[in-house]
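S.K.: A single structure is presented below for examination.
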Amino acid sequence: MLAIPFRHRIKNNIIFFYGKIINRGRRINNTNCKNCDILFNDGIHAHEKAYKRERIKAQKTDEDLIQLGKKNVLQEIESNEFYIVRDLTHSQPLLLPKAIDFIDQLSILYKQKCTEKNIEYVPYEITSGSRSIESVERLGKENENSIEKSPHLWGKTFDMSWRAFGGNKEQLKLFTSALSELKNQQKCFVKFERNGCLHITVN
């Protein structure tokens, strides 16, 4: 996968990506993740199953997570031709290698589906990675959906924004089709969030 030499940050509705101006604008609110509540309904206990064989120990601070990255226990996810990593405020763009491999599989499968349908590939957006105990506590003060024993503590969970597809409904449909296919192969657990995210834990 060809990574650009910096982590892409989104701070407004207009972003510059691989030579193109993409205006997210008001279309975001019109996006509908059709049938996602049915396809992706894995609860917290399902996600916890993924950590029985492989996980990191919950880290107290974000700096502790960064140190795991420096030791290559965790690897950084960076924006590239397949996806955009948002400016993460309550997590670090770090995941276990198995999760990175899964993201690569997901990207390739989604790309294949776009090619087969002869439609433009639209990069998806990753909105959170691994969290520390302190960042979970901070998030809990702002987001009632956060939980004390968040799967984000253990290195194989990330969130992506289905709303960020904007008016690209066909691309969103193909993306969720690819994700559902991998879920049916028991490679991940997924929870649909009405706030605009798909909560994904790699199995």
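Residues in the structure tokens are numbered from 1 in each chain, the chains being A, B, ... in the order shown, and ligands are numbered from 1 in the order shown.
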Do you know which residues are at most 9 Å from Lys113 of chain A counting only C-alpha atoms, after dropping those on the same chain fewer than 2 positions away, and could you put them as a list of chain:residue names?
M.R.: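 Surrounding residues, per the criterion: A:Ile108, A:Leu109, A:Tyr110, A:Lys111, A:Thr115, A:Glu116, A:Lys117, A:Asn118, A:Ile119, A:Gln171, A:Leu174, A:Phe175, A:Ser177, A:Ala178.
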S.K.: Might you pull out every residue within 12 Å of Leu179 of chain A, with only C-alpha atoms counted and same-chain residues fewer than 6 positions away left off, and present them as an MDAnalysis selection string?
M.R.: chainID A and resid 36 39:40 102:111 113 124 160 162 172:173 185:192 198:202
S.K.: Need the shell around Val73 of chain A: protein/DNA/RNA residues with any atom at most 10 Å away, counting only C-alpha atoms. Skip same-chain ones fewer than 4 positions apart. Format as a compact mmCIF listing (two decimals) with N, CA and C atoms, in the first residue's frame?
M.R.:
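part_38.txt, freshly written:
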```txt
# COMPACT_ATOMS: atom_id res chain seq x y z
N ILE A 56 -3.23 -6.02 23.66
CA ILE A 56 -2.24 -5.34 24.47
C ILE A 56 -2.84 -5.10 25.84
N LEU A 65 0.97 4.50 24.96
CA LEU A 65 0.62 3.93 23.66
C LEU A 65 1.68 4.29 22.62
N ILE A 66 2.14 5.53 22.66
CA ILE A 66 3.16 5.96 21.71
C ILE A 66 4.45 5.16 21.90
N GLN A 67 4.78 4.85 23.14
CA GLN A 67 5.97 4.04 23.41
C GLN A 67 5.82 2.64 22.83
N LEU A 68 4.61 2.08 22.87
CA LEU A 68 4.37 0.77 22.24
C LEU A 68 4.55 0.87 20.73
N GLY A 69 4.20 2.03 20.18
CA GLY A 69 4.42 2.26 18.76
C GLY A 69 5.90 2.29 18.43
N LEU A 94 -2.78 4.14 16.17
CA LEU A 94 -1.94 2.97 16.40
C LEU A 94 -2.81 1.74 16.59
N LEU A 95 -2.39 0.62 15.97
CA LEU A 95 -3.12 -0.64 16.10
C LEU A 95 -2.14 -1.81 16.07
N LEU A 96 -2.58 -2.95 16.53
CA LEU A 96 -1.77 -4.17 16.41
C LEU A 96 -1.61 -4.53 14.94
N PRO A 97 -0.51 -5.19 14.57
CA PRO A 97 -0.28 -5.55 13.16
C PRO A 97 -1.44 -6.31 12.52
N GLY A 155 -6.07 -2.55 21.29
CA GLY A 155 -5.22 -2.58 20.11
C GLY A 155 -5.77 -3.12 18.81
```
S.K.: Residues of segment 12-126 of chain A in strand (DSSP E or B) according to DSSP, as a list in words?
M.R.: Ile14, Ile15, Phe16, Phe17, Lys20, Ile21, Ile22, Asn23, Asn41, Gln75, Glu76, Asn80, Tyr83, Ile84, Val85, Gln92, Leu94, Leu95, Tyr124, Glu125 and Ile126 of chain A
S.K.: How about saving the chosen residues, N, CA and C atoms kept, as a compact mmCIF listing (two decimals), in the first residue's frame?
M.R.:
```txt
# COMPACT_ATOMS: atom_id res chain seq x y z
N ILE A 14 -13.77 20.99 3.67
CA ILE A 14 -13.09 20.89 2.39
C ILE A 14 -11.70 20.31 2.62
N ILE A 15 -11.38 19.19 1.97
CA ILE A 15 -10.08 18.56 2.16
C ILE A 15 -9.39 18.38 0.83
N PHE A 16 -8.05 18.40 0.86
CA PHE A 16 -7.25 18.18 -0.33
C PHE A 16 -6.67 16.79 -0.24
N PHE A 17 -6.95 15.95 -1.22
CA PHE A 17 -6.55 14.55 -1.12
C PHE A 17 -6.13 14.04 -2.48
N LYS A 20 -6.94 16.19 -5.47
CA LYS A 20 -8.35 16.53 -5.70
C LYS A 20 -8.89 17.33 -4.52
N ILE A 21 -9.79 18.24 -4.83
CA ILE A 21 -10.52 18.93 -3.78
C ILE A 21 -11.83 18.19 -3.55
N ILE A 22 -12.03 17.73 -2.31
CA ILE A 22 -13.27 17.01 -1.98
C ILE A 22 -14.06 17.87 -1.01
N ASN A 23 -15.23 18.28 -1.42
CA ASN A 23 -16.09 19.10 -0.58
C ASN A 23 -17.11 18.21 0.12
N ASN A 41 -24.54 -5.56 14.03
CA ASN A 41 -25.18 -5.42 15.34
C ASN A 41 -24.45 -6.19 16.45
N GLN A 75 1.44 -0.45 15.42
CA GLN A 75 1.89 0.19 14.19
C GLN A 75 0.98 1.36 13.86
N GLU A 76 1.54 2.38 13.23
CA GLU A 76 0.77 3.58 12.92
C GLU A 76 -0.06 3.40 11.65
N ASN A 80 -3.56 7.20 3.04
CA ASN A 80 -2.96 6.72 1.80
C ASN A 80 -4.03 6.74 0.72
N TYR A 83 -7.57 5.15 2.27
CA TYR A 83 -8.34 5.73 3.37
C TYR A 83 -7.64 6.95 3.94
N ILE A 84 -8.42 7.75 4.67
CA ILE A 84 -7.96 8.97 5.32
C ILE A 84 -8.03 8.77 6.83
N VAL A 85 -6.98 9.14 7.53
CA VAL A 85 -6.98 9.11 8.99
C VAL A 85 -7.25 10.52 9.48
N GLN A 92 -5.11 7.32 19.55
CA GLN A 92 -3.87 7.38 18.79
C GLN A 92 -4.02 6.54 17.51
N LEU A 94 -2.78 4.14 16.17
CA LEU A 94 -1.94 2.97 16.40
C LEU A 94 -2.81 1.74 16.59
N LEU A 95 -2.39 0.62 15.97
CA LEU A 95 -3.12 -0.64 16.10
C LEU A 95 -2.14 -1.81 16.07
N TYR A 124 -12.34 5.91 2.39
CA TYR A 124 -13.14 5.99 3.61
C TYR A 124 -12.31 6.65 4.70
N GLU A 125 -12.97 7.04 5.79
CA GLU A 125 -12.30 7.81 6.83
C GLU A 125 -12.27 7.05 8.16
N ILE A 126 -11.08 6.91 8.72
CA ILE A 126 -10.90 6.31 10.04
C ILE A 126 -10.93 7.42 11.07
```
S.K.: As JSON, numbers by chain, please: all residues of segment 2-197 of chain A that backbone DSSP puts in helix (DSSP H, G or I).
M.R.: {"A": [25, 26, 27, 28, 29, 30, 36, 37, 38, 39, 44, 45, 46, 47, 48, 49, 62, 63, 64, 65, 66, 67, 68, 69, 70, 97, 98, 99, 100, 101, 102, 103, 104, 105, 106, 107, 108, 109, 110, 111, 112, 113, 114, 115, 116, 117, 133, 134, 135, 136, 137, 138, 139, 140, 151, 152, 153, 154, 163, 164, 165, 169, 170, 171, 172, 173, 174, 175, 176, 177, 178, 179, 180, 181, 182, 183, 184]}
S.K.: Residues as selected, C-alpha atoms, written as a short mmCIF file (atom, residue, chain, number, x, y, z; two decimals), in the first residue's frame, can you do that?
M.R.:
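The resulting file, out.cif, is shown below:
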```cif
data_model
loop_
_atom_site.label_atom_id
_atom_site.label_comp_id
_atom_site.auth_asym_id
_atom_site.auth_seq_id
_atom_site.Cartn_x
_atom_site.Cartn_y
_atom_site.Cartn_z
CA GLY A 25 -20.23 20.00 2.79
CA ARG A 26 -23.88 19.46 3.67
CA ARG A 27 -24.13 16.14 1.85
CA ILE A 28 -22.85 14.32 4.92
CA ASN A 29 -26.17 14.62 6.72
CA ASN A 30 -27.99 13.09 3.75
CA CYS A 36 -26.29 -1.22 8.60
CA ASP A 37 -28.26 -1.61 11.82
CA ILE A 38 -29.14 -5.14 10.67
CA LEU A 39 -25.79 -6.10 9.13
CA ILE A 44 -19.70 -5.41 23.35
CA HIS A 45 -19.41 -9.04 24.41
CA ALA A 46 -18.91 -10.12 20.81
CA HIS A 47 -16.10 -7.59 20.41
CA GLU A 48 -14.47 -8.85 23.61
CA LYS A 49 -14.17 -12.33 22.08
CA ASP A 62 -1.41 8.21 25.44
CA GLU A 63 2.36 8.47 25.88
CA ASP A 64 2.37 4.81 26.93
CA LEU A 65 0.62 3.93 23.66
CA ILE A 66 3.16 5.96 21.71
CA GLN A 67 5.97 4.04 23.41
CA LEU A 68 4.37 0.77 22.24
CA GLY A 69 4.42 2.26 18.76
CA LYS A 70 8.13 3.03 19.05
CA PRO A 97 -0.28 -5.55 13.16
CA LYS A 98 -3.22 -7.92 12.72
CA ALA A 99 -5.60 -4.95 12.64
CA ILE A 100 -3.42 -3.19 10.08
CA ASP A 101 -3.52 -6.32 7.90
CA PHE A 102 -7.31 -6.39 8.19
CA ILE A 103 -7.60 -2.75 7.09
CA ASP A 104 -5.47 -3.61 4.04
CA GLN A 105 -7.79 -6.55 3.21
CA LEU A 106 -10.86 -4.35 3.63
CA SER A 107 -9.40 -1.64 1.41
CA ILE A 108 -8.46 -4.06 -1.36
CA LEU A 109 -11.85 -5.77 -1.34
CA TYR A 110 -13.71 -2.45 -1.41
CA LYS A 111 -11.45 -1.29 -4.27
CA GLN A 112 -12.20 -4.46 -6.23
CA LYS A 113 -15.93 -3.91 -5.84
CA CYS A 114 -15.62 -0.34 -7.14
CA THR A 115 -13.58 -1.56 -10.12
CA GLU A 116 -16.15 -4.25 -10.94
CA LYS A 117 -18.94 -1.64 -10.89
CA ILE A 133 -7.33 4.66 30.12
CA GLU A 134 -6.98 8.42 30.47
CA SER A 135 -8.35 9.13 26.99
CA VAL A 136 -11.35 6.87 27.65
CA GLU A 137 -12.01 8.82 30.84
CA ARG A 138 -11.77 12.13 28.94
CA LEU A 139 -14.10 10.88 26.25
CA GLY A 140 -16.59 9.67 28.86
CA PRO A 151 -12.37 -2.30 23.20
CA HIS A 152 -10.23 0.59 21.94
CA LEU A 153 -7.96 -0.06 24.93
CA TRP A 154 -6.65 -3.33 23.52
CA ARG A 163 -21.41 9.63 7.17
CA ALA A 164 -18.17 10.86 5.60
CA PHE A 165 -19.08 9.18 2.32
CA LYS A 169 -24.14 6.36 -1.77
CA GLU A 170 -22.97 3.68 -4.21
CA GLN A 171 -19.46 3.75 -2.76
CA LEU A 172 -20.86 3.47 0.78
CA LYS A 173 -22.98 0.51 -0.33
CA LEU A 174 -19.91 -1.25 -1.77
CA PHE A 175 -17.83 -0.46 1.30
CA THR A 176 -20.42 -1.95 3.66
CA SER A 177 -20.72 -4.94 1.33
CA ALA A 178 -16.96 -5.53 1.62
CA LEU A 179 -17.06 -5.12 5.41
CA SER A 180 -20.04 -7.45 5.71
CA GLU A 181 -18.23 -10.06 3.62
CA LEU A 182 -15.23 -10.01 5.96
CA LYS A 183 -17.53 -10.09 8.98
CA ASN A 184 -19.25 -13.20 7.60
#
```
S.K.: So, with only C-alpha atoms as the atoms that count, which of A:Gln59, A:Pro123, A:Asn195, A:Ser79 lies closest to Ser150 of chain A?
M.R.: A:Gln59
S.K.: Find the distance between atom CA of His90 of chain A and atom CA of Arg131 of chain A and write it in Å to one decimal.
M.R.: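 Interatomic distance, atom CA of His90 of chain A to atom CA of Arg131 of chain A: 6.9 Å.
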S.K.: Distance atom CA of Thr157 of chain A-atom CA of Lys71 of chain A, one decimal place?
M.R.: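 Calculated distance between atom CA of Thr157 of chain A and atom CA of Lys71 of chain A is 19.4 Å.
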